[in-house]
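Participant: Input file: work35.cif. Contents: mmCIF, C-alpha atoms and all ligand atoms.
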```
data_my_file
loop_
_atom_site.label_atom_id
_atom_site.label_comp_id
_atom_site.auth_asym_id
_atom_site.auth_seq_id
_atom_site.Cartn_x
_atom_site.Cartn_y
_atom_site.Cartn_z
CA MET A 1 -21.34 -15.16 -2.87
CA ALA A 2 -20.57 -12.48 -0.31
CA GLY A 3 -20.15 -9.00 -1.73
CA GLY A 4 -18.58 -6.08 0.07
CA GLU A 5 -14.93 -5.16 -0.09
CA PRO A 6 -13.04 -6.51 -3.11
CA LEU A 7 -10.13 -8.92 -3.07
CA PRO A 8 -7.14 -6.97 -1.75
CA VAL A 9 -4.56 -8.63 -3.98
CA GLY A 10 -3.90 -10.68 -7.12
CA VAL A 11 -4.23 -9.39 -10.66
CA GLY A 12 -5.07 -5.76 -11.45
CA GLU A 13 -7.39 -4.41 -14.11
CA ASP A 14 -4.45 -4.35 -16.52
CA GLY A 15 -4.01 -8.10 -16.04
CA ARG A 16 -0.64 -7.56 -14.37
CA LEU A 17 0.44 -9.44 -11.27
CA GLN A 18 0.86 -7.14 -8.31
CA LEU A 19 3.88 -9.16 -7.20
CA PRO A 20 6.10 -9.36 -10.30
CA TRP A 21 8.19 -12.33 -9.12
CA LEU A 22 5.09 -14.55 -9.31
CA ARG A 23 5.17 -14.53 -13.12
CA ALA A 24 7.27 -17.70 -13.52
CA PRO A 25 5.50 -19.62 -10.71
CA LEU A 26 2.14 -18.68 -12.30
CA ASP A 27 3.25 -19.98 -15.69
CA HIS A 28 4.44 -23.17 -14.02
CA ALA A 29 1.25 -23.69 -12.03
CA GLN A 30 -0.88 -23.06 -15.12
CA ARG A 31 0.83 -25.94 -16.88
CA LEU A 32 -0.30 -28.32 -14.13
CA SER A 33 -3.81 -28.21 -15.56
CA SER A 34 -4.53 -31.89 -14.96
CA SER A 35 -4.24 -31.45 -11.23
CA HIS A 36 -7.45 -30.70 -9.36
CA ALA A 37 -5.85 -29.87 -6.01
CA LEU A 38 -2.68 -27.80 -5.69
CA LEU A 39 -0.73 -26.69 -2.65
CA LEU A 40 1.29 -23.52 -3.29
CA HIS A 41 3.94 -23.29 -0.62
CA ALA A 42 7.14 -21.51 0.42
CA GLY A 43 8.96 -21.28 3.74
CA VAL A 44 8.21 -17.56 3.99
CA ALA A 45 5.48 -15.31 2.62
CA VAL A 46 6.27 -14.79 -1.06
CA GLY A 47 2.70 -14.24 -2.22
CA GLN A 48 1.12 -17.69 -1.91
CA PHE A 49 -2.34 -16.10 -1.56
CA GLU A 50 -1.79 -13.68 -4.45
CA LEU A 51 -0.70 -16.55 -6.67
CA ALA A 52 -3.70 -18.69 -5.66
CA LEU A 53 -5.99 -15.80 -6.63
CA ALA A 54 -4.23 -15.17 -9.94
CA LEU A 55 -4.20 -18.85 -10.86
CA THR A 56 -7.88 -19.44 -10.11
CA GLN A 57 -8.80 -16.18 -11.83
CA GLY A 58 -6.97 -17.48 -14.91
CA TRP A 59 -9.00 -20.69 -14.79
CA LEU A 60 -12.27 -18.77 -14.92
CA CYS A 61 -11.10 -15.88 -17.16
CA GLU A 62 -12.89 -15.70 -20.51
CA ARG A 63 -9.55 -15.13 -22.26
CA ASP A 64 -7.55 -17.74 -20.39
CA PRO A 65 -5.01 -19.01 -19.52
CA ALA A 66 -3.61 -15.70 -18.24
CA PRO A 67 -6.11 -13.68 -16.21
CA CYS A 68 -6.86 -10.64 -18.38
CA GLY A 69 -8.22 -8.50 -15.59
CA GLN A 70 -10.94 -7.01 -17.79
CA CYS A 71 -13.48 -9.63 -18.79
CA THR A 72 -16.72 -10.10 -16.86
CA ALA A 73 -15.32 -13.11 -14.99
CA CYS A 74 -12.17 -11.24 -13.93
CA ARG A 75 -14.18 -8.23 -12.77
CA ARG A 76 -16.60 -10.40 -10.82
CA ILE A 77 -13.77 -12.26 -9.13
CA ARG A 78 -12.14 -9.00 -8.08
CA GLN A 79 -15.46 -7.86 -6.62
CA ARG A 80 -15.87 -11.24 -4.90
CA ALA A 81 -19.11 -11.70 -6.80
CA HIS A 82 -18.29 -14.60 -9.15
CA PRO A 83 -20.62 -17.50 -8.37
CA ASP A 84 -18.00 -20.11 -9.31
CA HIS A 85 -15.07 -18.62 -7.37
CA LYS A 86 -14.78 -18.99 -3.62
CA VAL A 87 -12.10 -17.78 -1.23
CA VAL A 88 -11.98 -19.14 2.31
CA VAL A 89 -9.74 -17.42 4.88
CA PRO A 90 -9.78 -17.24 8.71
CA ASP A 91 -12.18 -14.78 10.36
CA ALA A 92 -9.31 -12.62 11.60
CA MET A 93 -8.25 -12.12 8.00
CA ARG A 94 -11.83 -11.49 6.82
CA LEU A 95 -12.11 -8.80 9.44
CA ALA A 96 -8.83 -7.22 8.34
CA TYR A 97 -9.98 -7.25 4.69
CA GLY A 98 -13.35 -5.71 5.57
CA TRP A 99 -15.25 -8.85 4.49
CA LEU A 100 -16.67 -9.26 7.96
CA THR A 101 -18.18 -6.57 10.11
CA GLU A 102 -17.77 -6.31 13.87
CA ASP A 103 -21.45 -7.13 14.40
CA ASP A 104 -21.32 -10.42 12.47
CA PRO A 105 -22.73 -13.27 14.60
CA VAL A 106 -19.55 -15.27 13.97
CA LEU A 107 -17.79 -12.76 16.21
CA ARG A 108 -19.54 -13.52 19.47
CA ALA A 109 -19.44 -10.65 21.90
CA GLY A 110 -15.92 -10.19 23.17
CA ALA A 111 -14.50 -13.23 21.35
CA LYS A 112 -11.37 -12.76 19.28
CA PRO A 113 -11.88 -13.50 15.58
CA SER A 114 -10.54 -16.97 14.82
CA ARG A 115 -7.14 -17.33 13.21
CA GLU A 116 -8.03 -20.87 12.17
CA LEU A 117 -9.99 -22.12 9.21
CA ARG A 118 -13.04 -23.46 11.02
CA VAL A 119 -14.75 -26.74 10.17
CA GLU A 120 -18.00 -24.83 9.54
CA GLN A 121 -16.23 -22.78 6.86
CA VAL A 122 -14.93 -25.93 5.16
CA ARG A 123 -18.37 -27.60 5.30
CA GLU A 124 -19.97 -24.52 3.78
CA ALA A 125 -17.38 -24.52 0.99
CA ILE A 126 -18.04 -28.21 0.32
CA GLU A 127 -21.79 -27.56 0.08
CA TRP A 128 -21.09 -24.71 -2.31
CA SER A 129 -18.88 -26.98 -4.43
CA GLN A 130 -21.64 -29.57 -4.76
CA ARG A 131 -24.05 -27.17 -6.42
CA SER A 132 -23.75 -27.26 -10.19
CA ALA A 133 -21.34 -24.77 -11.65
CA GLY A 134 -22.78 -21.72 -13.40
CA SER A 135 -20.21 -21.58 -16.17
CA ALA A 136 -18.61 -24.20 -18.37
CA ARG A 137 -15.23 -23.34 -16.89
CA GLY A 138 -16.07 -25.06 -13.64
CA ARG A 139 -15.45 -23.84 -10.13
CA ALA A 140 -12.40 -22.72 -8.20
CA LEU A 141 -11.93 -22.84 -4.45
CA VAL A 142 -9.04 -21.11 -2.62
CA LEU A 143 -8.25 -22.13 0.97
CA HIS A 144 -5.72 -19.82 2.59
CA PRO A 145 -3.66 -20.74 4.49
CA ALA A 146 -3.76 -24.53 4.79
CA ASP A 147 -1.57 -24.20 7.91
CA ALA A 148 -4.64 -22.65 9.58
CA LEU A 149 -6.89 -25.67 8.96
CA ASN A 150 -7.60 -27.14 12.36
CA HIS A 151 -7.79 -30.91 12.68
CA ALA A 152 -11.56 -31.17 12.19
CA ALA A 153 -11.48 -28.80 9.23
CA ALA A 154 -8.64 -30.72 7.56
CA ASN A 155 -10.50 -34.01 8.02
CA ALA A 156 -13.69 -32.54 6.61
CA LEU A 157 -11.80 -31.59 3.47
CA LEU A 158 -10.20 -34.97 2.72
CA LYS A 159 -13.00 -36.53 0.68
CA THR A 160 -13.47 -33.40 -1.42
CA LEU A 161 -9.74 -33.27 -2.14
CA GLU A 162 -9.76 -36.90 -3.24
CA GLU A 163 -12.83 -36.65 -5.43
CA PRO A 164 -13.70 -33.05 -6.15
CA PRO A 165 -17.33 -32.81 -7.29
CA GLY A 166 -17.90 -31.92 -10.92
CA SER A 167 -15.28 -29.62 -12.33
CA LEU A 168 -14.10 -28.17 -9.02
CA ARG A 169 -10.43 -27.30 -8.70
CA ILE A 170 -8.89 -26.42 -5.35
CA VAL A 171 -5.84 -24.35 -4.44
CA LEU A 172 -4.38 -24.39 -0.96
CA THR A 173 -1.54 -22.20 0.25
CA GLY A 174 0.99 -22.86 2.97
CA THR A 175 4.44 -22.52 4.44
CA ASP A 176 5.41 -26.01 5.60
CA PRO A 177 3.71 -28.99 3.92
CA GLU A 178 5.28 -31.32 6.51
CA ARG A 179 3.08 -29.79 9.19
CA LEU A 180 -0.13 -30.70 7.36
CA LEU A 181 -2.01 -33.94 7.96
CA PRO A 182 -0.25 -36.65 5.91
CA THR A 183 -3.62 -37.71 4.48
CA LEU A 184 -4.20 -34.16 3.28
CA ARG A 185 -0.66 -33.76 1.98
CA SER A 186 -0.92 -36.91 -0.11
CA ARG A 187 -4.05 -35.63 -1.88
CA VAL A 188 -2.58 -32.41 -3.26
CA GLN A 189 0.07 -31.66 -5.82
CA ARG A 190 2.73 -29.50 -4.22
CA VAL A 191 4.14 -26.45 -5.99
CA ARG A 192 7.09 -24.90 -4.21
CA LEU A 193 7.42 -21.17 -4.83
CA PRO A 194 10.90 -19.63 -4.98
CA VAL A 195 11.89 -16.74 -2.72
CA PRO A 196 12.56 -13.75 -5.00
CA ASP A 197 16.23 -12.79 -5.32
CA ALA A 198 17.49 -9.85 -3.28
CA ALA A 199 17.63 -7.45 -6.23
CA THR A 200 14.02 -8.13 -7.27
CA ALA A 201 12.83 -7.88 -3.67
CA THR A 202 14.79 -4.67 -3.04
CA THR A 203 13.44 -2.99 -6.18
CA TRP A 204 9.88 -3.90 -5.22
CA LEU A 205 10.36 -2.67 -1.63
CA GLN A 206 11.76 0.62 -2.95
CA GLN A 207 8.67 0.98 -5.14
CA GLN A 208 6.63 0.57 -1.96
CA GLY A 209 8.56 3.44 -0.36
CA VAL A 210 11.10 1.43 1.67
CA ALA A 211 14.39 3.26 1.09
CA GLU A 212 16.59 0.93 3.17
CA ALA A 213 15.52 -2.59 2.31
CA ALA A 214 18.52 -4.75 3.26
CA GLU A 215 17.91 -5.07 7.01
CA PRO A 216 14.13 -5.57 6.85
CA LEU A 217 14.60 -8.13 4.07
CA ALA A 218 17.19 -10.08 6.05
CA ALA A 219 15.10 -9.96 9.23
CA ALA A 220 12.13 -11.24 7.21
CA GLY A 221 14.10 -14.25 5.97
CA GLY A 222 14.03 -12.89 2.40
CA SER A 223 10.26 -12.30 2.24
CA PRO A 224 9.58 -8.87 0.68
CA ILE A 225 5.98 -9.02 1.92
CA GLU A 226 7.03 -9.65 5.51
CA ALA A 227 9.75 -6.99 5.21
CA LEU A 228 7.13 -4.45 4.15
CA THR A 229 4.96 -5.44 7.11
CA LEU A 230 7.92 -4.98 9.48
CA VAL A 231 8.61 -1.48 8.19
CA GLY A 232 4.90 -0.68 8.38
CA GLU A 233 5.00 -1.60 12.06
CA GLY A 234 7.85 0.84 12.63
CA ILE A 235 10.55 -1.84 12.64
CA ASP A 236 12.73 -0.30 9.97
CA ALA A 237 16.40 -0.65 9.02
CA GLN A 238 17.57 1.67 11.81
CA VAL A 239 15.62 -0.22 14.51
CA LEU A 240 16.86 -3.57 13.18
CA ARG A 241 20.50 -2.45 13.08
CA GLU A 242 20.37 -1.57 16.76
CA LEU A 243 18.03 -4.27 18.03
CA PRO A 244 20.37 -7.20 18.88
CA ILE A 245 22.75 -5.04 20.94
CA ARG A 246 19.87 -3.24 22.64
CA VAL A 247 18.35 -6.59 23.62
CA SER A 248 21.71 -7.83 24.91
CA ARG A 249 21.65 -4.84 27.27
CA GLY A 250 18.11 -5.47 28.43
CA ASP A 251 16.77 -2.44 26.55
CA ALA A 252 13.23 -3.23 25.33
CA ALA A 253 12.34 0.31 24.26
CA SER A 254 12.08 -0.32 20.51
CA LEU A 255 9.84 -3.37 21.06
CA ASN A 256 7.36 -1.79 23.44
CA GLY A 257 3.88 -1.54 22.01
CA LYS A 258 4.56 -4.06 19.23
CA PRO A 259 2.32 -7.13 18.93
CA ILE A 260 3.55 -10.03 21.09
CA PRO A 261 3.89 -12.48 18.16
CA ARG A 262 6.08 -9.90 16.39
CA VAL A 263 8.27 -9.35 19.47
CA VAL A 264 8.67 -13.09 20.04
CA ASP A 265 9.51 -13.64 16.38
CA LEU A 266 12.26 -10.98 16.44
CA LEU A 267 13.71 -12.25 19.71
CA LEU A 268 13.72 -15.82 18.37
CA LYS A 269 15.68 -14.57 15.36
CA ILE A 270 18.21 -12.83 17.60
CA ALA A 271 18.53 -16.05 19.62
CA HIS A 272 18.93 -18.02 16.38
CA ASP A 273 21.70 -15.74 15.11
CA ALA A 274 23.48 -15.66 18.48
CA MET A 275 23.39 -19.45 18.61
CA ALA A 276 24.75 -19.62 15.07
CA GLN A 277 27.61 -17.32 16.05
CA SER A 278 28.39 -19.28 19.18
CA VAL A 279 29.08 -22.35 17.01
CA GLY A 280 31.05 -20.36 14.46
CA ALA A 281 28.31 -19.96 11.83
CA THR A 282 27.12 -16.76 10.14
CA PRO A 283 24.00 -14.95 11.37
CA HIS A 284 21.01 -15.21 9.04
CA TYR A 285 18.62 -12.43 10.07
CA PHE A 286 20.93 -9.72 11.39
CA SER A 287 24.25 -8.35 10.26
CA ALA A 288 27.22 -10.03 11.99
CA ASP A 289 28.79 -6.70 12.92
CA ARG A 290 25.57 -5.62 14.61
CA MET A 291 25.40 -8.64 16.90
CA PRO A 292 26.48 -8.48 20.55
CA GLY A 293 29.47 -10.57 21.63
CA VAL A 294 29.31 -14.35 21.78
CA ALA A 295 27.03 -15.77 24.47
CA PRO A 296 27.06 -19.25 26.01
CA LEU A 297 25.02 -21.69 23.92
CA ALA A 298 23.26 -23.20 26.95
CA SER A 299 21.87 -19.83 28.09
CA LEU A 300 20.71 -19.02 24.57
CA GLN A 301 18.96 -22.37 24.29
CA GLN A 302 17.16 -21.72 27.56
CA TRP A 303 16.04 -18.28 26.35
CA ARG A 304 14.88 -19.79 23.06
CA GLN A 305 12.80 -22.42 24.88
CA GLU A 306 11.11 -19.67 26.88
CA LEU A 307 10.35 -17.73 23.68
CA LEU A 308 8.92 -20.83 22.01
CA ARG A 309 6.64 -21.42 25.03
CA VAL A 310 5.27 -17.91 24.68
CA ALA A 311 4.92 -18.31 20.90
CA ARG A 312 2.69 -21.35 21.42
CA HIS A 313 0.39 -19.40 23.73
CA ASP A 314 0.31 -15.98 22.14
CA ASP A 315 -3.49 -15.84 22.40
CA HIS A 316 -3.23 -15.69 26.19
CA PRO A 317 -4.15 -12.42 27.86
CA TRP A 318 -0.58 -11.49 28.73
CA ASN A 319 0.20 -8.11 30.15
CA ALA A 320 2.04 -7.14 26.98
CA ALA A 321 4.41 -4.49 28.38
CA LEU A 322 5.52 -6.67 31.30
CA LEU A 323 5.95 -9.70 29.08
CA VAL A 324 8.14 -7.86 26.56
CA GLU A 325 10.25 -6.47 29.39
CA ALA A 326 10.68 -9.93 30.94
CA LEU A 327 11.57 -11.64 27.66
CA VAL A 328 14.21 -9.01 26.87
CA THR A 329 15.61 -9.04 30.41
CA ASN A 330 15.94 -12.83 30.28
CA GLY A 331 17.59 -12.54 26.89
CA ALA A 332 20.08 -10.00 28.20
CA ARG A 333 21.14 -12.50 30.89
CA CYS A 334 22.68 -14.60 28.11
CA TRP A 335 25.30 -11.92 27.56
CA PRO A 336 27.60 -11.32 30.51
CA PRO A 337 28.09 -7.57 31.13
CA SER A 338 31.64 -7.72 29.79
CA ALA A 339 30.44 -9.04 26.42
CA ALA A 340 27.80 -6.32 26.18
CA ARG A 341 30.43 -3.69 27.01
CA ARG A 342 32.76 -5.03 24.34
CA ALA A 343 29.94 -4.76 21.80
CA GLY A 344 29.40 -1.19 22.93
CA ARG A 345 33.01 -0.30 22.25
CA THR A 346 32.97 -1.52 18.65
CA GLY A 347 31.57 1.79 17.59
CA HIS A 348 27.83 1.19 17.29
CA SER A 349 26.73 3.86 19.67
CA LEU A 350 23.04 3.62 20.48
CA HIS A 351 20.80 6.55 21.07
CA SER A 352 19.31 6.71 24.50
CA ALA A 353 15.78 5.36 24.43
CA GLY A 354 14.67 7.95 26.92
ZN ZN B 1 -10.40 -12.18 -17.71
#
```
What would you get if you wrote out this structure as structure tokens?

Facilitator:
Amino acid sequence: MAGGEPLPVGVGEDGRLQLPWLRAPLDHAQRLSSSHALLLHAGVAVGQFELALALTQGWLCERDPAPCGQCTACRRIRQRAHPDHKVVVPDAMRLAYGWLTEDDPVLRAGAKPSRELRVEQVREAIEWSQRSAGSARGRALVLHPADALNHAAANALLKTLEEPPGSLRIVLTGTDPERLLPTLRSRVQRVRLPVPDAATATTWLQQQGVAEAAEPLAAAGGSPIEALTLVGEGIDAQVLRELPIRVSRGDAASLNGKPIPRVVDLLLKIAHDAMAQSVGATPHYFSADRMPGVAPLASLQQWRQELLRVARHDDHPWNAALLVEALVTNGARCWPPSAARRAGRTGHSLHSAG
């Protein structure tokens, strides 16, 4: 098993879950002991990976069912050195975790690290699973996220999911089971994870140093993990309060320099909320009193289609600054100048972006 940097998440040395809201889902998943293939899923990031790690650690822990964090098995898993525990993630994630170095042959010169789970990775995991397990507790394989399995990789996995060799148990993570191959979906037991309530999420975010949690949490669809990422990227409560009106005026300043997938995601959420308002519904990601005036639904739909086209091709070598500018300018066209002016008079004065 590869050594190097330890697992970044899961259960600490004290045996405590790093994400406290996973306690009940962990208890629930542990009771599904007869199942040899589980899919842990939620519509947003609530810690699917962390739960997969905690659950499999519990399976191999010498003081199971709860992972103790201290026994030899727990320590080995944390160090990614347990021979019966395997974690498979896309290369881009391995690079981010420090499990893969820049000079690894899998990163051919100049090629971007893959964001997919490659068929070679799945085949290697299957070969690993067919060797006899070192301990009586069997083997545990984590595949994260299942949404990243490309077609070939998903197909390669089917037989193993149906008849796992020996005492292998598999945990997959995901956001939308409906997007997985039906043949794969039918071979796993689904466990839907709840989104933590606002109070739990807010407390956790405050412990992570996020003083104003409401806006990031809303913009992240209730995911505390995603909210923390947003704030880490400089998209904090203040930026989020001003963003919809800025965009309606064609002002891209607070989005410049952000990753394209992030920009597209935020603009799609503004489009979503504006469309909701134009049919009399309540915005979901932004505060209603921070939205620009109502825009025609047809223009918003057109803007949304453009954003979705870009989202599908976000690996393309776009000129990032020009693209952000164009997407915001096209968005601003949805709001006639009079609507933008009205929004400006409601008292949310914006600082000049310089
Ligand atoms: Zn243990």

Participant: Would you list the contacts of stretch 118-127 of chain A as a compact mmCIF listing (two decimals) with C-alpha atoms, in the coordinates of the input, taking every protein, DNA or RNA residue within 8 Å and counting all atoms listed in the file, but skipping same-chain residues closer than 4 positions in sequence?

Facilitator:
```
# COMPACT_ATOMS: atom_id res chain seq x y z
CA LYS A 86 -14.78 -18.99 -3.62
CA VAL A 88 -11.98 -19.14 2.31
CA PRO A 90 -9.78 -17.24 8.71
CA SER A 114 -10.54 -16.97 14.82
CA ARG A 131 -24.05 -27.17 -6.42
CA LEU A 141 -11.93 -22.84 -4.45
CA LEU A 149 -6.89 -25.67 8.96
CA ASN A 150 -7.60 -27.14 12.36
CA ALA A 152 -11.56 -31.17 12.19
CA ALA A 153 -11.48 -28.80 9.23
CA ALA A 154 -8.64 -30.72 7.56
CA ALA A 156 -13.69 -32.54 6.61
CA LEU A 157 -11.80 -31.59 3.47
CA THR A 160 -13.47 -33.40 -1.42
```

Participant: Rounded to one decimal place, report the atom CA of A:Gly47-atom CA of A:Leu266 distance in Å.

Facilitator: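 Between these atoms lies a distance of 21.2 Å.
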
Participant: Looking at all atoms listed in the file, which of A:Pro20, A:Pro6, A:Gly209, A:Gly58 is the one that sits closest to ligand ZN 1 (chain B)?

Facilitator: A:Gly58

Participant: Hey, which of A:Ala37, A:Val44, A:Leu168, A:Pro177 ends up closest to A:Pro196? Count only C-alpha atoms.

Facilitator: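 Closest residue, counting only C-alpha atoms: A:Val44.
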
Participant: Kindly provide, as a PDB file with C-alpha atoms, in the coordinates of the input, all nucleotide and amino acid residues lying within 9 Å of ligand ZN 1 (chain B), counting all atoms listed in the file.

Facilitator:
```pdb
ATOM      1  CA  GLY A  15      -4.010  -8.100 -16.040  1.00  0.00           C
ATOM      2  CA  GLN A  57      -8.800 -16.180 -11.830  1.00  0.00           C
ATOM      3  CA  GLY A  58      -6.970 -17.480 -14.910  1.00  0.00           C
ATOM      4  CA  LEU A  60     -12.270 -18.770 -14.920  1.00  0.00           C
ATOM      5  CA  CYS A  61     -11.100 -15.880 -17.160  1.00  0.00           C
ATOM      6  CA  GLU A  62     -12.890 -15.700 -20.510  1.00  0.00           C
ATOM      7  CA  ARG A  63      -9.550 -15.130 -22.260  1.00  0.00           C
ATOM      8  CA  ASP A  64      -7.550 -17.740 -20.390  1.00  0.00           C
ATOM      9  CA  PRO A  65      -5.010 -19.010 -19.520  1.00  0.00           C
ATOM     10  CA  ALA A  66      -3.610 -15.700 -18.240  1.00  0.00           C
ATOM     11  CA  PRO A  67      -6.110 -13.680 -16.210  1.00  0.00           C
ATOM     12  CA  CYS A  68      -6.860 -10.640 -18.380  1.00  0.00           C
ATOM     13  CA  GLY A  69      -8.220  -8.500 -15.590  1.00  0.00           C
ATOM     14  CA  GLN A  70     -10.940  -7.010 -17.790  1.00  0.00           C
ATOM     15  CA  CYS A  71     -13.480  -9.630 -18.790  1.00  0.00           C
ATOM     16  CA  THR A  72     -16.720 -10.100 -16.860  1.00  0.00           C
ATOM     17  CA  ALA A  73     -15.320 -13.110 -14.990  1.00  0.00           C
ATOM     18  CA  CYS A  74     -12.170 -11.240 -13.930  1.00  0.00           C
ATOM     19  CA  ARG A  75     -14.180  -8.230 -12.770  1.00  0.00           C
TER      20      ARG A  75
END
```

Participant: Counting all atoms listed in the file, figure out which residue out of A:Ala29, A:Leu297, A:Ala45, A:Leu100 gets nearest to A:Gly222.

Facilitator: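 Closest residue, counting all atoms listed in the file: A:Ala45.
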
Participant: Name the residues in contact with A:Ala199 at a cut-off of 10 Å, using only C-alpha atoms, excluding same-chain residues fewer than 5 positions from it; report them as a ChimeraX atom specification.

Facilitator: /A:204-205,214

Participant: Contacts of A:Val264 at 10 Å or less, counting all atoms listed in the file, minus same-chain residues fewer than 5 places along, as a ChimeraX atom specification?

Facilitator: /A:255,258-259,269-270,304,306-311,314,324,327-328

Participant: For a quick check of understanding, using only C-alpha atoms, which of A:Asp197, A:Asp84, A:Asp265, A:Glu233 has the smallest distance to A:Leu22?

Facilitator: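 Answer, going by the shortest atom-to-atom distance: A:Asp197.
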
Participant: Can you measure atom CA of A:Leu240 to atom CA of A:Gln302 for me? One decimal in Å is fine.

Facilitator: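 According to the coordinates, atom CA of A:Leu240 and atom CA of A:Gln302 are separated by 23.2 Å.
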
Participant: With only C-alpha atoms as the counted atoms, please give the residues lying no more than 8 Å from A:Arg241, apart from itself and same-chain residues fewer than 2 positions off, as an MDAnalysis selection string.

Facilitator: chainID A and resid 215 237:239 243:244 286:287 290

Participant: Please indicate the distance in Å from atom CA of A:Ala252 to atom CA of A:Glu325, rounded to one decimal place.

Facilitator: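 Taking atom CA of A:Ala252 and atom CA of A:Glu325, their separation equals 6.0 Å.
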
Participant: Calculated over only C-alpha atoms, which of the candidates A:Val11, A:Leu184, A:Leu193, A:Ala227 has the smallest distance to A:Asp147?

Facilitator: A:Leu184

Participant: Residues at most 10 Å from A:Ala140, counting all atoms listed in the file, excluding those fewer than 6 positions away in the same chain, as a list in words?

Facilitator: His36, Ala37, Ala52, Leu53, Leu55, Thr56, Gln57, Trp59, Leu60, Pro83, Asp84, His85, Lys86, Val87, Ser129, Ala133, Ser167, Leu168, Arg169, Ile170 and Val171 of chain A

Participant: Just checking: using only C-alpha atoms, which residue out of A:Ile245, A:Val46, A:Leu117, A:Ala148 ends up closest to A:Thr200?

Facilitator: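 Selected residue with least distance to A:Thr200: A:Val46.
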